[in-house]
>>> print(open('final.txt').read())   # compact mmCIF, C-alpha atoms
# COMPACT_ATOMS: atom_id res chain seq x y z
CA MET K 1150 153.68 -83.94 -15.82
CA PRO K 1151 153.80 -87.46 -14.34
CA GLU K 1152 157.30 -88.90 -14.65
CA LEU K 1153 157.68 -92.14 -16.57
CA ASN K 1154 160.60 -94.52 -16.45
CA PHE K 1155 161.83 -94.17 -20.01
CA ASP K 1156 165.00 -96.00 -18.96
CA GLY K 1157 162.78 -99.02 -18.25
CA GLY K 1158 162.38 -99.49 -21.98
CA ARG K 1159 165.12 -99.50 -24.55
CA ASP K 1160 166.49 -96.54 -26.49
CA GLY K 1161 164.31 -94.30 -24.33
CA LEU K 1162 161.14 -95.87 -25.74
CA ILE K 1163 158.38 -97.52 -23.74
CA PRO K 1164 155.17 -99.15 -24.96
CA ALA K 1165 151.83 -97.36 -25.05
CA ILE K 1166 148.67 -99.43 -25.39
CA ALA K 1167 145.67 -97.69 -26.93
CA VAL K 1168 142.26 -99.05 -25.92
CA ASP K 1169 138.78 -97.94 -26.90
CA TYR K 1170 137.45 -95.89 -23.96
CA ARG K 1171 133.96 -97.34 -24.44
CA ASP K 1172 134.65 -101.06 -24.11
CA ASN K 1173 138.38 -101.46 -23.38
CA GLN K 1174 139.04 -103.20 -26.71
CA VAL K 1175 142.78 -103.08 -27.29
CA LEU K 1176 143.30 -101.15 -30.52
CA MET K 1177 147.05 -101.04 -30.96
CA LEU K 1178 150.43 -100.89 -29.32
CA ALA K 1179 153.09 -98.41 -30.28
CA TYR K 1180 156.04 -96.77 -28.57
CA ILE K 1181 156.52 -93.39 -26.97
CA ASN K 1182 159.56 -91.37 -26.08
CA ARG K 1183 159.55 -88.37 -23.79
CA GLU K 1184 158.60 -85.99 -26.58
CA ALA K 1185 155.61 -88.12 -27.62
CA TRP K 1186 154.50 -88.29 -24.00
CA GLU K 1187 154.71 -84.53 -23.60
CA LYS K 1188 152.86 -83.90 -26.87
CA THR K 1189 150.10 -86.33 -25.92
CA LEU K 1190 149.54 -84.60 -22.59
CA ALA K 1191 149.74 -81.14 -24.11
CA THR K 1192 147.41 -81.75 -27.06
CA GLY K 1193 145.01 -84.46 -25.84
CA LYS K 1194 145.76 -86.47 -28.98
CA ALA K 1195 147.78 -89.67 -28.97
CA HIS K 1196 151.35 -89.21 -30.15
CA TYR K 1197 153.85 -92.00 -30.58
CA TYR K 1198 157.39 -92.45 -31.79
CA SER K 1199 157.65 -94.16 -35.15
CA ARG K 1200 160.53 -96.61 -35.00
CA SER K 1201 160.51 -97.03 -38.79
CA ARG K 1202 160.47 -93.31 -39.56
CA LYS K 1203 162.53 -92.46 -36.47
CA SER K 1204 160.35 -89.49 -35.67
CA LEU K 1205 157.46 -88.20 -33.60
CA TRP K 1206 154.16 -89.48 -34.94
CA LEU K 1207 150.74 -87.95 -34.41
CA LYS K 1208 148.49 -90.96 -34.86
CA GLY K 1209 146.10 -90.09 -37.69
CA GLU K 1210 148.28 -87.40 -39.24
CA THR K 1211 147.90 -89.09 -42.64
CA SER K 1212 144.60 -90.94 -42.30
CA GLY K 1213 142.81 -88.35 -40.20
CA ASN K 1214 141.98 -91.10 -37.74
CA VAL K 1215 143.35 -89.37 -34.67
CA GLN K 1216 142.91 -90.72 -31.16
CA ILE K 1217 141.33 -88.34 -28.67
CA ILE K 1218 142.66 -89.02 -25.17
CA LYS K 1219 139.95 -89.73 -22.61
CA ASP K 1220 142.15 -91.10 -19.83
CA ILE K 1221 145.70 -92.24 -19.32
CA TYR K 1222 146.84 -94.98 -16.97
CA VAL K 1223 150.41 -95.71 -15.88
CA ASP K 1224 151.50 -99.19 -14.89
CA CYS K 1225 153.13 -100.23 -11.62
CA ASP K 1226 156.67 -99.83 -12.93
CA ALA K 1227 155.87 -96.62 -14.82
CA ASP K 1228 157.38 -98.12 -17.94
CA THR K 1229 154.17 -98.76 -19.87
CA VAL K 1230 151.16 -96.52 -20.35
CA MET K 1231 147.60 -97.14 -21.46
CA TYR K 1232 145.71 -94.53 -23.41
CA LYS K 1233 141.93 -94.73 -23.28
CA VAL K 1234 140.93 -93.13 -26.55
CA GLU K 1235 138.12 -92.16 -28.82
CA GLN K 1236 139.28 -93.57 -32.15
CA LYS K 1237 138.19 -91.22 -34.92
CA GLY K 1238 137.11 -93.07 -38.06
CA GLY K 1239 136.52 -96.18 -35.97
CA ALA K 1240 139.66 -97.97 -37.11
CA ALA K 1241 143.11 -97.85 -35.51
CA CYS K 1242 144.93 -100.24 -37.84
CA HIS K 1243 146.58 -99.20 -41.09
CA THR K 1244 144.84 -102.21 -42.69
CA GLY K 1245 141.48 -100.57 -42.02
CA GLN K 1246 140.61 -102.98 -39.24
CA ARG K 1247 139.24 -101.55 -36.02
CA THR K 1248 142.09 -103.09 -34.03
CA CYS K 1249 145.58 -104.17 -35.02
CA PHE K 1250 144.83 -107.39 -33.09
CA TYR K 1251 142.43 -108.82 -35.66
CA ARG K 1252 144.12 -112.20 -36.11
CA ARG K 1253 143.34 -115.00 -33.66
CA VAL K 1254 145.64 -117.95 -33.15
CA GLN K 1255 144.01 -121.23 -34.04
CA GLY K 1256 146.45 -124.09 -33.95
CA ASP K 1257 149.24 -123.24 -36.34
CA THR K 1258 147.29 -120.62 -38.25
CA LEU K 1259 145.92 -117.13 -37.79
CA ILE K 1260 142.22 -116.53 -38.36
CA VAL K 1261 141.22 -113.05 -39.52
CA GLU K 1262 138.32 -111.63 -37.54
CA GLY K 1263 136.30 -108.59 -38.50
CA GLU K 1264 136.25 -106.59 -41.70
CA PRO K 1265 138.23 -103.47 -42.68
CA LEU K 1266 136.30 -100.27 -42.03
CA PHE K 1267 138.16 -98.40 -44.74
CA ASP K 1268 140.23 -99.15 -47.81
CA PRO K 1269 143.90 -98.45 -47.02
CA LYS K 1270 144.58 -97.59 -50.67
CA GLU K 1271 142.06 -94.77 -50.43
CA VAL K 1272 143.28 -93.48 -47.09
CA TYR K 1273 147.04 -93.69 -47.58
CA LYS K 1274 147.64 -92.30 -51.05
CA MET U 509 153.03 -122.63 -34.38
CA PRO U 510 152.25 -119.15 -35.75
CA GLU U 511 155.47 -117.31 -36.52
CA LEU U 512 156.06 -114.02 -34.77
CA ASN U 513 158.48 -111.29 -35.77
CA PHE U 514 160.81 -111.43 -32.78
CA ASP U 515 163.23 -109.26 -34.75
CA GLY U 516 160.55 -106.56 -34.66
CA GLY U 517 161.29 -106.06 -30.99
CA ARG U 518 164.70 -105.67 -29.46
CA ASP U 519 166.95 -108.41 -28.08
CA GLY U 520 164.48 -110.93 -29.48
CA LEU U 521 161.76 -109.71 -27.11
CA ILE U 522 158.33 -108.44 -28.11
CA PRO U 523 155.50 -107.18 -25.90
CA ALA U 524 152.61 -109.35 -24.78
CA ILE U 525 149.49 -107.66 -23.43
CA ALA U 526 147.36 -109.70 -21.04
CA VAL U 527 143.68 -108.79 -20.90
CA ASP U 528 140.84 -110.28 -18.90
CA TYR U 529 138.90 -112.51 -21.29
CA ARG U 530 135.60 -111.50 -19.68
CA ASP U 531 135.70 -107.73 -20.18
CA ASN U 532 138.94 -106.90 -22.04
CA GLN U 533 140.39 -105.03 -19.05
CA VAL U 534 144.12 -104.70 -19.69
CA LEU U 535 145.86 -106.49 -16.83
CA MET U 536 149.56 -106.14 -17.59
CA LEU U 537 152.23 -105.91 -20.23
CA ALA U 538 155.33 -108.06 -20.20
CA TYR U 539 157.75 -109.36 -22.79
CA ILE U 540 158.10 -112.70 -24.53
CA ASN U 541 160.93 -114.37 -26.37
CA ARG U 542 160.54 -117.38 -28.62
CA GLU U 543 160.82 -119.82 -25.71
CA ALA U 544 158.09 -118.05 -23.73
CA TRP U 545 155.86 -118.05 -26.81
CA GLU U 546 156.37 -121.78 -27.33
CA LYS U 547 155.74 -122.56 -23.65
CA THR U 548 152.56 -120.49 -23.63
CA LEU U 549 151.18 -122.33 -26.64
CA ALA U 550 152.26 -125.72 -25.33
CA THR U 551 150.92 -125.32 -21.78
CA GLY U 552 147.96 -122.96 -22.13
CA LYS U 553 149.43 -120.80 -19.36
CA ALA U 554 150.95 -117.39 -19.93
CA HIS U 555 154.74 -117.41 -19.95
CA TYR U 556 156.89 -114.33 -20.28
CA TYR U 557 160.56 -113.45 -20.25
CA SER U 558 161.67 -111.66 -17.12
CA ARG U 559 164.03 -108.88 -18.12
CA SER U 560 165.15 -108.40 -14.50
CA ARG U 561 165.81 -112.08 -13.84
CA LYS U 562 166.87 -112.73 -17.42
CA SER U 563 164.91 -115.97 -17.56
CA LEU U 564 161.71 -117.62 -18.63
CA TRP U 565 158.87 -116.71 -16.30
CA LEU U 566 155.67 -118.64 -15.74
CA LYS U 567 153.32 -115.90 -14.55
CA GLY U 568 152.08 -117.01 -11.12
CA GLU U 569 154.95 -119.38 -10.39
CA THR U 570 155.45 -117.68 -7.01
CA SER U 571 152.01 -116.24 -6.26
CA GLY U 572 149.98 -119.08 -7.72
CA ASN U 573 148.10 -116.48 -9.74
CA VAL U 574 148.61 -118.09 -13.13
CA GLN U 575 146.93 -116.88 -16.29
CA ILE U 576 144.92 -119.47 -18.21
CA ILE U 577 145.00 -118.71 -21.93
CA LYS U 578 141.55 -118.36 -23.49
CA ASP U 579 142.59 -116.83 -26.80
CA ILE U 580 145.63 -115.27 -28.38
CA TYR U 581 145.63 -112.46 -30.92
CA VAL U 582 148.56 -111.33 -33.06
CA ASP U 583 148.86 -107.77 -34.29
CA CYS U 584 149.22 -106.60 -37.89
CA ASP U 585 153.02 -106.55 -37.77
CA ALA U 586 153.25 -109.81 -35.79
CA ASP U 587 155.49 -108.08 -33.27
CA THR U 588 153.00 -107.78 -30.41
CA VAL U 589 150.59 -110.37 -29.05
CA MET U 590 147.51 -110.15 -26.85
CA TYR U 591 146.67 -112.92 -24.45
CA LYS U 592 143.03 -113.17 -23.38
CA VAL U 593 143.33 -114.82 -19.99
CA GLU U 594 141.50 -116.05 -16.97
CA GLN U 595 143.50 -114.46 -14.14
CA LYS U 596 143.62 -116.86 -11.23
CA GLY U 597 143.40 -115.09 -7.88
CA GLY U 598 141.79 -112.12 -9.61
CA ALA U 599 144.91 -109.94 -9.49
CA ALA U 600 147.64 -109.70 -12.10
CA CYS U 601 149.82 -107.06 -10.42
CA HIS U 602 152.53 -107.83 -7.88
CA THR U 603 151.05 -105.03 -5.75
CA GLY U 604 147.87 -107.07 -5.34
CA GLN U 605 145.88 -104.83 -7.66
CA ARG U 606 143.73 -106.46 -10.32
CA THR U 607 145.61 -104.62 -13.07
CA CYS U 608 149.08 -103.13 -13.24
CA PHE U 609 147.37 -100.07 -14.76
CA TYR U 610 145.76 -98.88 -11.52
CA ARG U 611 147.08 -95.31 -11.58
CA ARG U 612 145.25 -92.69 -13.58
CA VAL U 613 146.90 -89.50 -14.74
CA GLN U 614 145.27 -86.41 -13.32
CA GLY U 615 147.20 -83.27 -14.15
CA ASP U 616 150.67 -83.73 -12.74
CA THR U 617 149.75 -86.54 -10.38
CA LEU U 618 148.74 -90.18 -10.46
CA ILE U 619 145.50 -91.19 -8.76
CA VAL U 620 145.34 -94.76 -7.41
CA GLU U 621 142.14 -96.54 -8.40
CA GLY U 622 140.91 -99.78 -6.89
CA GLU U 623 142.12 -101.71 -3.87
CA PRO U 624 144.66 -104.54 -3.64
CA LEU U 625 143.02 -107.97 -3.70
CA PHE U 626 145.86 -109.56 -1.74
CA ASP U 627 148.69 -108.50 0.52
CA PRO U 628 151.97 -108.77 -1.40
CA LYS U 629 153.86 -109.45 1.83
CA GLU U 630 151.76 -112.56 2.34
CA VAL U 631 151.99 -113.77 -1.24
CA TYR U 632 155.68 -113.11 -1.95
CA LYS U 633 157.46 -114.35 1.15
>>> encode(input="final.txt", output="structure tokens")
Amino acid sequence: MPELNFDGGRDGLIPAIAVDYRDNQVLMLAYINREAWEKTLATGKAHYYSRSRKSLWLKGETSGNVQIIKDIYVDCDADTVMYKVEQKGGAACHTGQRTCFYRRVQGDTLIVEGEPLFDPKEVYK
Amino acid sequence: MPELNFDGGRDGLIPAIAVDYRDNQVLMLAYINREAWEKTLATGKAHYYSRSRKSLWLKGETSGNVQIIKDIYVDCDADTVMYKVEQKGGAACHTGQRTCFYRRVQGDTLIVEGEPLFDPKEVYK
């Protein structure tokens, strides 16, 4: 297993960027600890560490929208990783948007781009 | 100025992902504090906070390889931003590689992809 510099983050957590393997669209950023890293490599599904729940998090465990790992890249300092994923359900964001980065800065405001692909109230009951 | 949740990170720092505005290739991840965010918006050039130097960092201040901001996206929790940039010099990484994410995981090893676009010894004297 490739060694990452978990001490390069804080609290043993480093960022993981998930991008769509087809077009490199950034879908989300979350954090991983060593356990999440090991689980991701072992299962081929993106795992993160939920800072709010303070526990390992299989992305899609509730929504079913798991992320199938196609490739993983490690940055120059080995303290950030990039997952190239196939996003099941088409949407990575809990709002139903394809990407968590759906708001564009325009002056002092944020413009919403795109439309939700699912209704969060239906998916997260 | 759009408000970010700097308390959503740690030590008032949140991650900023820089991607090439032409093809969404992820170039690097660094951290921003409020000052870096303000400077980025005010100047149209990507600023970060250097955790090693503990100071504001204009990306490219040494190498000349600045990042011209084309668009900025804010994620659903407002605790991560994405800069769409024009990367001057073509390379974002201090190694001379286009992207900091130039190593692909293959089993237990990391495979280097791509070639440096400049010689770091020449750029960082």
>>> atom_distance(input="final.txt", atom1="atom CA of K:Leu1162", atom2="atom CA of K:Tyr1180")
5.9 Å
>>> calpha_fit_and_write(input="final.txt", fixed="chain U", moving="chain K", output="tab-separated table (two decimals) with C-alpha atoms, keeping the file's coordinate frame")
chain	number	residue	atom	x	y	z
K	1150	MET	CA	153.01	-122.64	-34.38
K	1151	PRO	CA	152.24	-119.16	-35.75
K	1152	GLU	CA	155.46	-117.31	-36.54
K	1153	LEU	CA	156.04	-114.01	-34.78
K	1154	ASN	CA	158.47	-111.30	-35.77
K	1155	PHE	CA	160.80	-111.43	-32.79
K	1156	ASP	CA	163.23	-109.26	-34.76
K	1157	GLY	CA	160.56	-106.54	-34.67
K	1158	GLY	CA	161.31	-106.05	-31.00
K	1159	ARG	CA	164.70	-105.66	-29.43
K	1160	ASP	CA	166.96	-108.40	-28.08
K	1161	GLY	CA	164.49	-110.93	-29.48
K	1162	LEU	CA	161.76	-109.72	-27.11
K	1163	ILE	CA	158.34	-108.44	-28.10
K	1164	PRO	CA	155.51	-107.18	-25.89
K	1165	ALA	CA	152.61	-109.35	-24.78
K	1166	ILE	CA	149.49	-107.66	-23.42
K	1167	ALA	CA	147.36	-109.72	-21.05
K	1168	VAL	CA	143.67	-108.79	-20.90
K	1169	ASP	CA	140.84	-110.28	-18.89
K	1170	TYR	CA	138.90	-112.53	-21.29
K	1171	ARG	CA	135.60	-111.50	-19.71
K	1172	ASP	CA	135.70	-107.73	-20.17
K	1173	ASN	CA	138.93	-106.90	-22.03
K	1174	GLN	CA	140.40	-105.03	-19.05
K	1175	VAL	CA	144.12	-104.70	-19.69
K	1176	LEU	CA	145.86	-106.49	-16.82
K	1177	MET	CA	149.54	-106.15	-17.60
K	1178	LEU	CA	152.22	-105.93	-20.22
K	1179	ALA	CA	155.32	-108.06	-20.20
K	1180	TYR	CA	157.75	-109.37	-22.79
K	1181	ILE	CA	158.10	-112.70	-24.52
K	1182	ASN	CA	160.92	-114.36	-26.37
K	1183	ARG	CA	160.54	-117.39	-28.60
K	1184	GLU	CA	160.81	-119.81	-25.69
K	1185	ALA	CA	158.07	-118.03	-23.72
K	1186	TRP	CA	155.86	-118.06	-26.80
K	1187	GLU	CA	156.38	-121.78	-27.32
K	1188	LYS	CA	155.74	-122.56	-23.64
K	1189	THR	CA	152.56	-120.49	-23.62
K	1190	LEU	CA	151.18	-122.34	-26.64
K	1191	ALA	CA	152.26	-125.72	-25.32
K	1192	THR	CA	150.93	-125.33	-21.78
K	1193	GLY	CA	147.96	-122.95	-22.12
K	1194	LYS	CA	149.43	-120.80	-19.34
K	1195	ALA	CA	150.95	-117.39	-19.93
K	1196	HIS	CA	154.73	-117.40	-19.95
K	1197	TYR	CA	156.89	-114.33	-20.28
K	1198	TYR	CA	160.55	-113.44	-20.25
K	1199	SER	CA	161.66	-111.64	-17.11
K	1200	ARG	CA	164.03	-108.87	-18.12
K	1201	SER	CA	165.16	-108.38	-14.51
K	1202	ARG	CA	165.81	-112.07	-13.84
K	1203	LYS	CA	166.87	-112.73	-17.44
K	1204	SER	CA	164.92	-115.95	-17.56
K	1205	LEU	CA	161.70	-117.61	-18.63
K	1206	TRP	CA	158.86	-116.71	-16.29
K	1207	LEU	CA	155.66	-118.64	-15.74
K	1208	LYS	CA	153.33	-115.91	-14.55
K	1209	GLY	CA	152.08	-117.00	-11.12
K	1210	GLU	CA	154.94	-119.38	-10.39
K	1211	THR	CA	155.45	-117.68	-7.02
K	1212	SER	CA	152.02	-116.24	-6.26
K	1213	GLY	CA	149.98	-119.07	-7.73
K	1214	ASN	CA	148.09	-116.48	-9.75
K	1215	VAL	CA	148.62	-118.10	-13.13
K	1216	GLN	CA	146.93	-116.88	-16.29
K	1217	ILE	CA	144.94	-119.48	-18.20
K	1218	ILE	CA	145.00	-118.71	-21.93
K	1219	LYS	CA	141.56	-118.38	-23.48
K	1220	ASP	CA	142.58	-116.81	-26.79
K	1221	ILE	CA	145.63	-115.27	-28.38
K	1222	TYR	CA	145.63	-112.46	-30.91
K	1223	VAL	CA	148.56	-111.34	-33.06
K	1224	ASP	CA	148.86	-107.77	-34.28
K	1225	CYS	CA	149.24	-106.61	-37.88
K	1226	ASP	CA	153.03	-106.56	-37.76
K	1227	ALA	CA	153.26	-109.81	-35.78
K	1228	ASP	CA	155.49	-108.08	-33.27
K	1229	THR	CA	153.00	-107.79	-30.41
K	1230	VAL	CA	150.59	-110.36	-29.05
K	1231	MET	CA	147.51	-110.14	-26.85
K	1232	TYR	CA	146.66	-112.92	-24.46
K	1233	LYS	CA	143.04	-113.17	-23.38
K	1234	VAL	CA	143.32	-114.81	-19.99
K	1235	GLU	CA	141.51	-116.06	-16.97
K	1236	GLN	CA	143.49	-114.46	-14.15
K	1237	LYS	CA	143.62	-116.87	-11.22
K	1238	GLY	CA	143.38	-115.10	-7.87
K	1239	GLY	CA	141.79	-112.12	-9.60
K	1240	ALA	CA	144.90	-109.95	-9.48
K	1241	ALA	CA	147.65	-109.69	-12.09
K	1242	CYS	CA	149.82	-107.06	-10.42
K	1243	HIS	CA	152.53	-107.83	-7.88
K	1244	THR	CA	151.04	-105.02	-5.75
K	1245	GLY	CA	147.86	-107.06	-5.35
K	1246	GLN	CA	145.87	-104.82	-7.67
K	1247	ARG	CA	143.73	-106.47	-10.32
K	1248	THR	CA	145.60	-104.64	-13.08
K	1249	CYS	CA	149.07	-103.13	-13.22
K	1250	PHE	CA	147.38	-100.06	-14.75
K	1251	TYR	CA	145.76	-98.88	-11.53
K	1252	ARG	CA	147.09	-95.31	-11.57
K	1253	ARG	CA	145.25	-92.67	-13.60
K	1254	VAL	CA	146.91	-89.48	-14.75
K	1255	GLN	CA	145.27	-86.40	-13.33
K	1256	GLY	CA	147.20	-83.28	-14.13
K	1257	ASP	CA	150.68	-83.74	-12.76
K	1258	THR	CA	149.76	-86.54	-10.39
K	1259	LEU	CA	148.74	-90.17	-10.45
K	1260	ILE	CA	145.51	-91.20	-8.75
K	1261	VAL	CA	145.34	-94.75	-7.40
K	1262	GLU	CA	142.16	-96.54	-8.39
K	1263	GLY	CA	140.92	-99.78	-6.90
K	1264	GLU	CA	142.12	-101.71	-3.89
K	1265	PRO	CA	144.66	-104.55	-3.64
K	1266	LEU	CA	143.02	-107.97	-3.71
K	1267	PHE	CA	145.85	-109.55	-1.76
K	1268	ASP	CA	148.68	-108.50	0.51
K	1269	PRO	CA	151.97	-108.78	-1.42
K	1270	LYS	CA	153.87	-109.48	1.81
K	1271	GLU	CA	151.75	-112.58	2.33
K	1272	VAL	CA	152.00	-113.78	-1.25
K	1273	TYR	CA	155.66	-113.12	-1.97
K	1274	LYS	CA	157.49	-114.36	1.10
>>> closest_atom_pairs(input="final.txt", of="chain K", to="chain U", cutoff="8 Å", atoms="only C-alpha atoms", output="JSON lines")
{"residue": "K:Met1150", "atom": "CA", "partner": "U:Asp616", "partner_atom": "CA", "distance": 4.3}
{"residue": "K:Pro1151", "atom": "CA", "partner": "U:Asp616", "partner_atom": "CA", "distance": 5.1}
{"residue": "K:Arg1159", "atom": "CA", "partner": "U:Arg518", "partner_atom": "CA", "distance": 7.9}
{"residue": "K:Asp1172", "atom": "CA", "partner": "U:Asn532", "partner_atom": "CA", "distance": 7.5}
{"residue": "K:Asn1173", "atom": "CA", "partner": "U:Asn532", "partner_atom": "CA", "distance": 5.6}
{"residue": "K:Gln1174", "atom": "CA", "partner": "U:Asn532", "partner_atom": "CA", "distance": 6.0}
{"residue": "K:Val1175", "atom": "CA", "partner": "U:Asn532", "partner_atom": "CA", "distance": 7.5}
{"residue": "K:Met1177", "atom": "CA", "partner": "U:Asp583", "partner_atom": "CA", "distance": 7.7}
{"residue": "K:Leu1178", "atom": "CA", "partner": "U:Thr588", "partner_atom": "CA", "distance": 7.4}
{"residue": "K:Asp1220", "atom": "CA", "partner": "U:Val613", "partner_atom": "CA", "distance": 7.1}
{"residue": "K:Ile1221", "atom": "CA", "partner": "U:Val613", "partner_atom": "CA", "distance": 5.5}
{"residue": "K:Tyr1222", "atom": "CA", "partner": "U:Arg612", "partner_atom": "CA", "distance": 4.4}
{"residue": "K:Val1223", "atom": "CA", "partner": "U:Phe609", "partner_atom": "CA", "distance": 5.4}
{"residue": "K:Asp1224", "atom": "CA", "partner": "U:Phe609", "partner_atom": "CA", "distance": 4.2}
{"residue": "K:Cys1225", "atom": "CA", "partner": "U:Cys608", "partner_atom": "CA", "distance": 5.2}
{"residue": "K:Thr1229", "atom": "CA", "partner": "U:Leu537", "partner_atom": "CA", "distance": 7.4}
{"residue": "K:Val1230", "atom": "CA", "partner": "U:Phe609", "partner_atom": "CA", "distance": 7.6}
{"residue": "K:Met1231", "atom": "CA", "partner": "U:Phe609", "partner_atom": "CA", "distance": 7.3}
{"residue": "K:Cys1242", "atom": "CA", "partner": "U:Cys584", "partner_atom": "CA", "distance": 7.7}
{"residue": "K:Thr1244", "atom": "CA", "partner": "U:Cys584", "partner_atom": "CA", "distance": 7.8}
{"residue": "K:Cys1249", "atom": "CA", "partner": "U:Asp583", "partner_atom": "CA", "distance": 4.9}
{"residue": "K:Phe1250", "atom": "CA", "partner": "U:Asp583", "partner_atom": "CA", "distance": 4.2}
{"residue": "K:Tyr1251", "atom": "CA", "partner": "U:Asp583", "partner_atom": "CA", "distance": 6.7}
{"residue": "K:Arg1252", "atom": "CA", "partner": "U:Tyr581", "partner_atom": "CA", "distance": 5.4}
{"residue": "K:Arg1253", "atom": "CA", "partner": "U:Tyr581", "partner_atom": "CA", "distance": 4.4}
{"residue": "K:Val1254", "atom": "CA", "partner": "U:Ile580", "partner_atom": "CA", "distance": 5.5}
{"residue": "K:Gly1256", "atom": "CA", "partner": "U:Met509", "partner_atom": "CA", "distance": 6.8}
{"residue": "K:Asp1257", "atom": "CA", "partner": "U:Met509", "partner_atom": "CA", "distance": 4.3}
{"residue": "K:Thr1258", "atom": "CA", "partner": "U:Pro510", "partner_atom": "CA", "distance": 5.7}
{"residue": "K:Leu1259", "atom": "CA", "partner": "U:Pro510", "partner_atom": "CA", "distance": 7.0}
>>> closest_residue(input="final.txt", among="U:Leu512, U:Leu564, U:Ile540, U:Ala526", to="U:Ile577", atoms="only C-alpha atoms")
U:Ala526
>>> residues_near_point(input="final.txt", point="(159.9, -93.0, -36.1)", cutoff="12 Å", atoms="all atoms listed in the file", output="short mmCIF file (atom, residue, chain, number, x, y, z; two decimals) with C-alpha atoms, in the coordinates of the input")
data_model
loop_
_atom_site.label_atom_id
_atom_site.label_comp_id
_atom_site.auth_asym_id
_atom_site.auth_seq_id
_atom_site.Cartn_x
_atom_site.Cartn_y
_atom_site.Cartn_z
CA LEU K 1162 161.14 -95.87 -25.74
CA ALA K 1179 153.09 -98.41 -30.28
CA TYR K 1180 156.04 -96.77 -28.57
CA ILE K 1181 156.52 -93.39 -26.97
CA ASN K 1182 159.56 -91.37 -26.08
CA GLU K 1184 158.60 -85.99 -26.58
CA ALA K 1185 155.61 -88.12 -27.62
CA HIS K 1196 151.35 -89.21 -30.15
CA TYR K 1197 153.85 -92.00 -30.58
CA TYR K 1198 157.39 -92.45 -31.79
CA SER K 1199 157.65 -94.16 -35.15
CA ARG K 1200 160.53 -96.61 -35.00
CA SER K 1201 160.51 -97.03 -38.79
CA ARG K 1202 160.47 -93.31 -39.56
CA LYS K 1203 162.53 -92.46 -36.47
CA SER K 1204 160.35 -89.49 -35.67
CA LEU K 1205 157.46 -88.20 -33.60
CA TRP K 1206 154.16 -89.48 -34.94
CA LEU K 1207 150.74 -87.95 -34.41
CA LYS K 1208 148.49 -90.96 -34.86
#
>>> atom_distance(input="final.txt", atom1="atom CA of U:Asn513", atom2="atom CA of K:Tyr1273")
24.1 Å
>>> atom_distance(input="final.txt", atom1="atom CA of U:Lys578", atom2="atom CA of U:Val593")
5.3 Å
>>> build_atoms(input="final.txt", residues="stretch 1176-1188 of chain K", atoms="N, CA and C atoms", output="compact mmCIF listing (two decimals), in the coordinates of the input")
# COMPACT_ATOMS: atom_id res chain seq x y z
N LEU K 1176 143.27 -101.58 -29.12
CA LEU K 1176 143.30 -101.15 -30.52
C LEU K 1176 144.67 -101.32 -31.15
N MET K 1177 145.70 -100.98 -30.41
CA MET K 1177 147.05 -101.04 -30.96
C MET K 1177 148.08 -100.89 -29.86
N LEU K 1178 149.30 -101.20 -30.19
CA LEU K 1178 150.43 -100.89 -29.32
C LEU K 1178 151.48 -100.19 -30.16
N ALA K 1179 151.98 -99.10 -29.62
CA ALA K 1179 153.09 -98.41 -30.28
C ALA K 1179 154.02 -97.92 -29.17
N TYR K 1180 155.03 -97.18 -29.55
CA TYR K 1180 156.04 -96.77 -28.57
C TYR K 1180 156.03 -95.25 -28.41
N ILE K 1181 156.40 -94.83 -27.22
CA ILE K 1181 156.52 -93.39 -26.97
C ILE K 1181 157.91 -93.08 -26.41
N ASN K 1182 158.39 -91.92 -26.77
CA ASN K 1182 159.56 -91.37 -26.08
C ASN K 1182 159.06 -90.16 -25.28
N ARG K 1183 159.97 -89.47 -24.65
CA ARG K 1183 159.55 -88.37 -23.79
C ARG K 1183 158.80 -87.29 -24.57
N GLU K 1184 159.26 -87.02 -25.78
CA GLU K 1184 158.60 -85.99 -26.58
C GLU K 1184 157.16 -86.38 -26.92
N ALA K 1185 156.97 -87.66 -27.28
CA ALA K 1185 155.61 -88.12 -27.62
C ALA K 1185 154.70 -88.03 -26.39
N TRP K 1186 155.25 -88.37 -25.25
CA TRP K 1186 154.50 -88.29 -24.00
C TRP K 1186 154.07 -86.85 -23.71
N GLU K 1187 155.01 -85.94 -23.86
CA GLU K 1187 154.71 -84.53 -23.60
C GLU K 1187 153.67 -84.00 -24.58
N LYS K 1188 153.80 -84.38 -25.85
CA LYS K 1188 152.86 -83.90 -26.87
C LYS K 1188 151.46 -84.47 -26.62
